[in-house]
>>> print(open('entry-v4.cif').read())   # mmCIF, C-alpha atoms
data_my_file
#
loop_
_atom_site.group_PDB
_atom_site.id
_atom_site.type_symbol
_atom_site.label_atom_id
_atom_site.label_comp_id
_atom_site.auth_asym_id
_atom_site.auth_seq_id
_atom_site.Cartn_x
_atom_site.Cartn_y
_atom_site.Cartn_z
ATOM 1 C CA MET F 2 13.843 -5.129 14.695
ATOM 2 C CA GLN F 3 14.251 -3.327 11.381
ATOM 3 C CA ALA F 4 11.316 -1.220 10.195
ATOM 4 C CA LYS F 5 9.386 -2.550 7.217
ATOM 5 C CA THR F 6 9.957 -0.581 4.031
ATOM 6 C CA VAL F 7 7.030 0.812 2.038
ATOM 7 C CA MET F 8 7.415 2.469 -1.352
ATOM 8 C CA VAL F 9 4.848 5.197 -2.017
ATOM 9 C CA VAL F 10 4.320 5.890 -5.731
ATOM 10 C CA GLU F 11 2.430 9.176 -5.940
ATOM 11 C CA ASP F 12 2.728 12.187 -8.252
ATOM 12 C CA SER F 13 0.850 14.569 -5.919
ATOM 13 C CA ALA F 14 3.215 16.210 -3.415
ATOM 14 C CA THR F 15 0.326 16.691 -0.963
ATOM 15 C CA ASP F 16 -0.775 13.047 -1.087
ATOM 16 C CA LEU F 17 2.830 11.839 -0.948
ATOM 17 C CA HIS F 18 3.469 13.954 2.153
ATOM 18 C CA PHE F 19 0.297 12.683 3.862
ATOM 19 C CA LEU F 20 0.873 8.998 3.073
ATOM 20 C CA SER F 21 4.552 9.180 4.017
ATOM 21 C CA GLY F 22 3.732 10.909 7.299
ATOM 22 C CA VAL F 23 1.095 8.342 8.259
ATOM 23 C CA LEU F 24 3.435 5.466 7.438
ATOM 24 C CA ALA F 25 6.372 7.020 9.295
ATOM 25 C CA SER F 26 4.157 7.543 12.359
ATOM 26 C CA GLY F 27 3.354 3.828 12.162
ATOM 27 C CA GLY F 28 7.048 2.933 12.264
ATOM 28 C CA TYR F 29 7.556 2.247 8.562
ATOM 29 C CA HIS F 30 10.565 3.294 6.481
ATOM 30 C CA VAL F 31 9.226 5.140 3.404
ATOM 31 C CA ILE F 32 10.728 5.322 -0.072
ATOM 32 C CA ALA F 33 9.106 7.821 -2.450
ATOM 33 C CA ALA F 34 8.686 7.529 -6.200
ATOM 34 C CA HIS F 35 6.883 10.201 -8.222
ATOM 35 C CA SER F 36 6.018 8.076 -11.254
ATOM 36 C CA GLY F 37 5.614 4.505 -12.377
ATOM 37 C CA GLU F 38 8.863 4.713 -14.293
ATOM 38 C CA GLU F 39 10.765 5.927 -11.226
ATOM 39 C CA ALA F 40 9.175 3.179 -9.119
ATOM 40 C CA LEU F 41 10.361 0.499 -11.536
ATOM 41 C CA GLU F 42 13.904 1.920 -11.435
ATOM 42 C CA LYS F 43 14.014 2.057 -7.632
ATOM 43 C CA MET F 44 12.195 -1.201 -7.001
ATOM 44 C CA LYS F 45 15.043 -3.632 -7.615
ATOM 45 C CA ALA F 46 17.638 -1.648 -5.670
ATOM 46 C CA GLU F 47 15.410 -0.721 -2.729
ATOM 47 C CA ARG F 48 13.410 -3.968 -2.407
ATOM 48 C CA PRO F 49 10.419 -2.616 -0.453
ATOM 49 C CA ASP F 50 8.192 -4.934 1.547
ATOM 50 C CA LEU F 51 5.050 -3.263 0.164
ATOM 51 C CA VAL F 52 4.063 -0.667 -2.453
ATOM 52 C CA LEU F 53 1.311 1.960 -2.211
ATOM 53 C CA MET F 54 0.472 2.922 -5.792
ATOM 54 C CA ASP F 55 -1.525 5.790 -7.236
ATOM 55 C CA VAL F 56 -3.342 5.009 -10.479
ATOM 56 C CA VAL F 57 -3.550 8.361 -12.276
ATOM 57 C CA MET F 58 -0.024 9.614 -12.963
ATOM 58 C CA PRO F 59 1.676 11.198 -15.953
ATOM 59 C CA GLY F 60 3.448 8.695 -18.179
ATOM 60 C CA MET F 61 2.940 5.142 -16.979
ATOM 61 C CA SER F 62 -0.265 4.658 -14.988
ATOM 62 C CA GLY F 63 -0.390 2.700 -11.765
ATOM 63 C CA PHE F 64 -2.232 -0.092 -13.578
ATOM 64 C CA GLN F 65 0.587 -0.353 -16.133
ATOM 65 C CA THR F 66 3.245 -0.217 -13.425
ATOM 66 C CA VAL F 67 1.633 -3.034 -11.443
ATOM 67 C CA ARG F 68 1.475 -5.177 -14.583
ATOM 68 C CA HIS F 69 5.246 -4.663 -15.018
ATOM 69 C CA LEU F 70 5.864 -5.611 -11.385
ATOM 70 C CA ALA F 71 3.707 -8.732 -11.674
ATOM 71 C CA ARG F 72 5.572 -9.917 -14.783
ATOM 72 C CA ASP F 73 9.057 -9.479 -13.302
ATOM 73 C CA GLU F 74 10.312 -12.487 -11.341
ATOM 74 C CA SER F 75 12.207 -10.264 -8.883
ATOM 75 C CA THR F 76 9.236 -8.031 -7.993
ATOM 76 C CA ARG F 77 6.111 -10.146 -8.456
ATOM 77 C CA GLY F 78 6.005 -11.179 -4.800
ATOM 78 C CA ILE F 79 5.895 -7.599 -3.482
ATOM 79 C CA PRO F 80 2.310 -6.759 -2.473
ATOM 80 C CA VAL F 81 0.740 -3.631 -3.964
ATOM 81 C CA ILE F 82 -2.106 -1.567 -2.531
ATOM 82 C CA PHE F 83 -3.671 0.980 -4.847
ATOM 83 C CA CYS F 84 -4.387 4.367 -3.202
ATOM 84 C CA THR F 85 -6.358 6.310 -5.770
ATOM 85 C CA SER F 86 -9.185 8.711 -6.450
ATOM 86 C CA LYS F 87 -10.635 6.261 -9.009
ATOM 87 C CA HIS F 88 -13.654 5.080 -7.055
ATOM 88 C CA GLN F 89 -15.756 3.093 -9.518
ATOM 89 C CA GLU F 90 -16.228 -0.613 -8.823
ATOM 90 C CA SER F 91 -14.886 -1.353 -12.299
ATOM 91 C CA ASP F 92 -11.650 0.506 -11.379
ATOM 92 C CA ARG F 93 -11.256 -1.589 -8.225
ATOM 93 C CA VAL F 94 -11.895 -4.834 -10.102
ATOM 94 C CA TRP F 95 -9.460 -3.839 -12.858
ATOM 95 C CA GLY F 96 -6.809 -2.881 -10.287
ATOM 96 C CA MET F 97 -7.096 -6.222 -8.552
ATOM 97 C CA ARG F 98 -6.901 -8.026 -11.901
ATOM 98 C CA GLN F 99 -3.625 -6.227 -12.616
ATOM 99 C CA GLY F 100 -2.087 -7.838 -9.542
ATOM 100 C CA ALA F 101 -2.861 -5.518 -6.620
ATOM 101 C CA ARG F 102 -3.664 -7.062 -3.254
ATOM 102 C CA ASP F 103 -5.888 -4.233 -1.985
ATOM 103 C CA TYR F 104 -7.548 -1.029 -3.199
ATOM 104 C CA LEU F 105 -8.120 2.135 -1.148
ATOM 105 C CA VAL F 106 -10.021 5.184 -2.387
ATOM 106 C CA LYS F 107 -8.901 8.742 -1.578
ATOM 107 C CA PRO F 108 -9.301 10.533 0.698
ATOM 108 C CA ILE F 109 -7.436 7.929 2.716
ATOM 109 C CA ASN F 110 -8.248 7.409 6.385
ATOM 110 C CA ALA F 111 -4.954 7.213 8.331
ATOM 111 C CA GLN F 112 -6.080 4.434 10.669
ATOM 112 C CA GLN F 113 -7.472 2.357 7.814
ATOM 113 C CA LEU F 114 -4.225 2.825 5.880
ATOM 114 C CA LEU F 115 -2.129 1.572 8.790
ATOM 115 C CA GLU F 116 -4.438 -1.421 9.284
ATOM 116 C CA ARG F 117 -4.293 -2.390 5.615
ATOM 117 C CA VAL F 118 -0.523 -1.889 5.378
ATOM 118 C CA GLY F 119 -0.041 -3.829 8.603
ATOM 119 C CA ALA F 120 -1.870 -6.778 7.112
ATOM 120 C CA PHE F 121 0.816 -7.103 4.389
ATOM 121 C CA ALA F 122 4.033 -5.529 5.640
#
>>> encode(input="entry-v4.cif", output="structure tokens")
Amino acid sequence: MQAKTVMVVEDSATDLHFLSGVLASGGYHVIAAHSGEEALEKMKAERPDLVLMDVVMPGMSGFQTVRHLARDESTRGIPVIFCTSKHQESDRVWGMRQGARDYLVKPINAQQLLERVGAFA
């Protein structure tokens, strides 16, 4: 069976390394993008099964990126989980309104991440 592919969109090298390592240990194939713009470029060619998206990034925010994904016929069906330091309830509600399927607050618990990803991927 082919491993499920997860795109991690994260501008922090430390967070990207952690999330990628947890996912790889869970048997997932990981594609990295360092910005919303890069994620949009890679998305159509790579066709991930799931996206983990940071919110606070230079350039296009995660919220903006998810809106673009939700509006595009070819990417709207790909589930997105926000993984962010934005912890206010209003941030979570806004993220879900943009089209995300789940919302995790940093620091991320590895077991919880694998459970949440497993529910979608």
>>> resolve_selection(input="entry-v4.cif", expression="the PyMOL selection byres ((chain F and resi 110-119) around 9)", output="count of residues only")
17
>>> resolve_selection(input="entry-v4.cif", expression="the PyMOL selection byres ((chain F and resi 8) around 6)", output="list in words")
Val7, Val9, Val31, Ile32, Ala33, Pro49 and Val52 of chain F
>>> closest_residue(input="entry-v4.cif", among="F:Lys45, F:His30, F:Tyr104, F:Leu17", to="Ser91 of chain F", atoms="all atoms listed in the file")
F:Tyr104
>>> atom_distance(input="entry-v4.cif", atom1="atom CA of Glu42 of chain F", atom2="atom CA of Ala25 of chain F")
22.6 Å
>>> atom_distance(input="entry-v4.cif", atom1="atom CA of Val106 of chain F", atom2="atom CA of Val81 of chain F")
14.0 Å
>>> closest_residue(input="entry-v4.cif", among="F:Ser36, F:Thr85, F:Gln99, F:Thr66", to="Asp16 of chain F", atoms="only C-alpha atoms")
F:Thr85
>>> closest_residue(input="entry-v4.cif", among="F:Ala101, F:Lys5, F:Arg48, F:Pro80", to="Arg68 of chain F", atoms="all atoms listed in the file")
F:Ala101
>>> atom_distance(input="entry-v4.cif", atom1="atom CA of Met54 of chain F", atom2="atom CA of Glu11 of chain F")
6.6 Å
>>> closest_residue(input="entry-v4.cif", among="F:Asp73, F:Thr6, F:Ala34, F:Phe83", to="His18 of chain F", atoms="all atoms listed in the file")
F:Ala34
>>> residues_near_point(input="entry-v4.cif", point="(-3.0, 3.9, -9.4)", cutoff="7 Å", atoms="all atoms listed in the file", output="mmCIF file with C-alpha atoms, in the frame of the given file")
data_model
loop_
_atom_site.group_PDB
_atom_site.id
_atom_site.type_symbol
_atom_site.label_atom_id
_atom_site.label_comp_id
_atom_site.auth_asym_id
_atom_site.auth_seq_id
_atom_site.Cartn_x
_atom_site.Cartn_y
_atom_site.Cartn_z
ATOM 1 C CA MET F 54 0.472 2.922 -5.792
ATOM 2 C CA ASP F 55 -1.525 5.790 -7.236
ATOM 3 C CA VAL F 56 -3.342 5.009 -10.479
ATOM 4 C CA VAL F 57 -3.550 8.361 -12.276
ATOM 5 C CA SER F 62 -0.265 4.658 -14.988
ATOM 6 C CA GLY F 63 -0.390 2.700 -11.765
ATOM 7 C CA PHE F 64 -2.232 -0.092 -13.578
ATOM 8 C CA PHE F 83 -3.671 0.980 -4.847
ATOM 9 C CA CYS F 84 -4.387 4.367 -3.202
ATOM 10 C CA THR F 85 -6.358 6.310 -5.770
#
>>> closest_residue(input="entry-v4.cif", among="F:Arg102, F:Leu41, F:Asp50, F:His35", to="Thr15 of chain F", atoms="all atoms listed in the file")
F:His35
>>> decode(input="entry-v4.cif", residues="segment 36-50 of chain F", atoms="all heavy atoms", output="PDB file, in the first residue's frame")
ATOM      1  N   SER F  36       5.782  28.491   2.429  1.00  0.00           N
ATOM      2  CA  SER F  36       4.888  29.655   2.369  1.00  0.00           C
ATOM      3  C   SER F  36       3.578  29.242   1.708  1.00  0.00           C
ATOM      4  O   SER F  36       3.503  28.193   1.051  1.00  0.00           O
ATOM      5  CB  SER F  36       5.536  30.772   1.541  1.00  0.00           C
ATOM      6  OG  SER F  36       5.622  30.384   0.171  1.00  0.00           O
ATOM      7  N   GLY F  37       2.585  30.089   1.869  1.00  0.00           N
ATOM      8  CA  GLY F  37       1.313  29.837   1.204  1.00  0.00           C
ATOM      9  C   GLY F  37       1.456  29.834  -0.302  1.00  0.00           C
ATOM     10  O   GLY F  37       0.870  28.996  -0.993  1.00  0.00           O
ATOM     11  N   GLU F  38       2.261  30.747  -0.813  1.00  0.00           N
ATOM     12  CA  GLU F  38       2.464  30.835  -2.254  1.00  0.00           C
ATOM     13  C   GLU F  38       3.107  29.550  -2.794  1.00  0.00           C
ATOM     14  O   GLU F  38       2.678  29.015  -3.823  1.00  0.00           O
ATOM     15  CB  GLU F  38       3.351  32.045  -2.607  1.00  0.00           C
ATOM     16  CG  GLU F  38       2.702  33.388  -2.324  1.00  0.00           C
ATOM     17  CD  GLU F  38       2.895  33.896  -0.882  1.00  0.00           C
ATOM     18  OE1 GLU F  38       3.460  33.165  -0.040  1.00  0.00           O
ATOM     19  OE2 GLU F  38       2.468  35.026  -0.605  1.00  0.00           O
ATOM     20  N   GLU F  39       4.130  29.064  -2.088  1.00  0.00           N
ATOM     21  CA  GLU F  39       4.786  27.828  -2.510  1.00  0.00           C
ATOM     22  C   GLU F  39       3.816  26.644  -2.434  1.00  0.00           C
ATOM     23  O   GLU F  39       3.807  25.768  -3.304  1.00  0.00           O
ATOM     24  CB  GLU F  39       6.021  27.548  -1.648  1.00  0.00           C
ATOM     25  CG  GLU F  39       6.786  26.319  -2.075  1.00  0.00           C
ATOM     26  CD  GLU F  39       7.987  26.011  -1.194  1.00  0.00           C
ATOM     27  OE1 GLU F  39       8.278  26.758  -0.234  1.00  0.00           O
ATOM     28  OE2 GLU F  39       8.648  24.989  -1.468  1.00  0.00           O
ATOM     29  N   ALA F  40       2.988  26.619  -1.408  1.00  0.00           N
ATOM     30  CA  ALA F  40       2.003  25.540  -1.270  1.00  0.00           C
ATOM     31  C   ALA F  40       1.051  25.526  -2.457  1.00  0.00           C
ATOM     32  O   ALA F  40       0.760  24.463  -3.009  1.00  0.00           O
ATOM     33  CB  ALA F  40       1.226  25.700   0.035  1.00  0.00           C
ATOM     34  N   LEU F  41       0.569  26.686  -2.858  1.00  0.00           N
ATOM     35  CA  LEU F  41      -0.349  26.753  -3.995  1.00  0.00           C
ATOM     36  C   LEU F  41       0.318  26.269  -5.275  1.00  0.00           C
ATOM     37  O   LEU F  41      -0.305  25.582  -6.091  1.00  0.00           O
ATOM     38  CB  LEU F  41      -0.880  28.181  -4.172  1.00  0.00           C
ATOM     39  CG  LEU F  41      -1.797  28.691  -3.060  1.00  0.00           C
ATOM     40  CD1 LEU F  41      -2.160  30.148  -3.297  1.00  0.00           C
ATOM     41  CD2 LEU F  41      -3.045  27.831  -2.931  1.00  0.00           C
ATOM     42  N   GLU F  42       1.594  26.600  -5.463  1.00  0.00           N
ATOM     43  CA  GLU F  42       2.334  26.132  -6.641  1.00  0.00           C
ATOM     44  C   GLU F  42       2.483  24.621  -6.651  1.00  0.00           C
ATOM     45  O   GLU F  42       2.279  23.970  -7.666  1.00  0.00           O
ATOM     46  CB  GLU F  42       3.729  26.773  -6.683  1.00  0.00           C
ATOM     47  CG  GLU F  42       3.744  28.220  -7.078  1.00  0.00           C
ATOM     48  CD  GLU F  42       5.157  28.791  -7.047  1.00  0.00           C
ATOM     49  OE1 GLU F  42       6.130  28.023  -7.179  1.00  0.00           O
ATOM     50  OE2 GLU F  42       5.272  30.019  -6.898  1.00  0.00           O
ATOM     51  N   LYS F  43       2.838  24.051  -5.496  1.00  0.00           N
ATOM     52  CA  LYS F  43       3.096  22.613  -5.407  1.00  0.00           C
ATOM     53  C   LYS F  43       1.829  21.766  -5.368  1.00  0.00           C
ATOM     54  O   LYS F  43       1.847  20.593  -5.717  1.00  0.00           O
ATOM     55  CB  LYS F  43       3.919  22.293  -4.154  1.00  0.00           C
ATOM     56  CG  LYS F  43       5.357  22.715  -4.223  1.00  0.00           C
ATOM     57  CD  LYS F  43       6.087  22.242  -2.975  1.00  0.00           C
ATOM     58  CE  LYS F  43       7.580  22.413  -3.106  1.00  0.00           C
ATOM     59  NZ  LYS F  43       8.271  21.886  -1.915  1.00  0.00           N
ATOM     60  N   MET F  44       0.748  22.360  -4.909  1.00  0.00           N
ATOM     61  CA  MET F  44      -0.471  21.615  -4.627  1.00  0.00           C
ATOM     62  C   MET F  44      -0.987  20.831  -5.829  1.00  0.00           C
ATOM     63  O   MET F  44      -1.292  19.647  -5.720  1.00  0.00           O
ATOM     64  CB  MET F  44      -1.550  22.572  -4.149  1.00  0.00           C
ATOM     65  CG  MET F  44      -2.775  21.909  -3.614  1.00  0.00           C
ATOM     66  SD  MET F  44      -2.539  21.107  -2.038  1.00  0.00           S
ATOM     67  CE  MET F  44      -2.115  22.478  -1.001  1.00  0.00           C
ATOM     68  N   LYS F  45      -1.075  21.457  -6.970  1.00  0.00           N
ATOM     69  CA  LYS F  45      -1.668  20.796  -8.133  1.00  0.00           C
ATOM     70  C   LYS F  45      -0.772  19.690  -8.677  1.00  0.00           C
ATOM     71  O   LYS F  45      -1.266  18.656  -9.121  1.00  0.00           O
ATOM     72  CB  LYS F  45      -1.994  21.814  -9.205  1.00  0.00           C
ATOM     73  CG  LYS F  45      -3.132  22.720  -8.780  1.00  0.00           C
ATOM     74  CD  LYS F  45      -3.513  23.707  -9.826  1.00  0.00           C
ATOM     75  CE  LYS F  45      -4.603  24.613  -9.295  1.00  0.00           C
ATOM     76  NZ  LYS F  45      -4.989  25.625 -10.237  1.00  0.00           N
ATOM     77  N   ALA F  46       0.534  19.879  -8.622  1.00  0.00           N
ATOM     78  CA  ALA F  46       1.447  18.859  -9.136  1.00  0.00           C
ATOM     79  C   ALA F  46       1.589  17.692  -8.167  1.00  0.00           C
ATOM     80  O   ALA F  46       1.659  16.537  -8.580  1.00  0.00           O
ATOM     81  CB  ALA F  46       2.820  19.476  -9.406  1.00  0.00           C
ATOM     82  N   GLU F  47       1.617  17.975  -6.883  1.00  0.00           N
ATOM     83  CA  GLU F  47       1.883  16.954  -5.873  1.00  0.00           C
ATOM     84  C   GLU F  47       0.631  16.217  -5.412  1.00  0.00           C
ATOM     85  O   GLU F  47       0.721  15.075  -4.990  1.00  0.00           O
ATOM     86  CB  GLU F  47       2.581  17.579  -4.656  1.00  0.00           C
ATOM     87  CG  GLU F  47       3.896  18.267  -4.975  1.00  0.00           C
ATOM     88  CD  GLU F  47       5.020  17.292  -5.265  1.00  0.00           C
ATOM     89  OE1 GLU F  47       4.886  16.105  -4.932  1.00  0.00           O
ATOM     90  OE2 GLU F  47       6.029  17.735  -5.820  1.00  0.00           O
ATOM     91  N   ARG F  48      -0.514  16.879  -5.427  1.00  0.00           N
ATOM     92  CA  ARG F  48      -1.792  16.293  -5.033  1.00  0.00           C
ATOM     93  C   ARG F  48      -1.751  15.565  -3.682  1.00  0.00           C
ATOM     94  O   ARG F  48      -1.983  14.361  -3.604  1.00  0.00           O
ATOM     95  CB  ARG F  48      -2.303  15.348  -6.120  1.00  0.00           C
ATOM     96  CG  ARG F  48      -2.520  15.989  -7.474  1.00  0.00           C
ATOM     97  CD  ARG F  48      -3.550  17.049  -7.522  1.00  0.00           C
ATOM     98  NE  ARG F  48      -4.840  16.501  -7.083  1.00  0.00           N
ATOM     99  CZ  ARG F  48      -5.820  17.241  -6.658  1.00  0.00           C
ATOM    100  NH1 ARG F  48      -5.687  18.534  -6.589  1.00  0.00           N
ATOM    101  NH2 ARG F  48      -6.949  16.701  -6.282  1.00  0.00           N
ATOM    102  N   PRO F  49      -1.458  16.270  -2.605  1.00  0.00           N
ATOM    103  CA  PRO F  49      -1.420  15.614  -1.292  1.00  0.00           C
ATOM    104  C   PRO F  49      -2.808  15.151  -0.858  1.00  0.00           C
ATOM    105  O   PRO F  49      -3.820  15.650  -1.360  1.00  0.00           O
ATOM    106  CB  PRO F  49      -0.897  16.719  -0.365  1.00  0.00           C
ATOM    107  CG  PRO F  49      -1.335  17.986  -1.026  1.00  0.00           C
ATOM    108  CD  PRO F  49      -1.239  17.708  -2.500  1.00  0.00           C
ATOM    109  N   ASP F  50      -2.821  14.202   0.062  1.00  0.00           N
ATOM    110  CA  ASP F  50      -4.076  13.705   0.613  1.00  0.00           C
ATOM    111  C   ASP F  50      -4.591  14.598   1.737  1.00  0.00           C
ATOM    112  O   ASP F  50      -5.773  14.546   2.082  1.00  0.00           O
ATOM    113  CB  ASP F  50      -3.876  12.284   1.151  1.00  0.00           C
ATOM    114  CG  ASP F  50      -3.456  11.332   0.059  1.00  0.00           C
ATOM    115  OD1 ASP F  50      -4.235  11.158  -0.900  1.00  0.00           O
ATOM    116  OD2 ASP F  50      -2.347  10.776   0.144  1.00  0.00           O
TER     117      ASP F  50
END
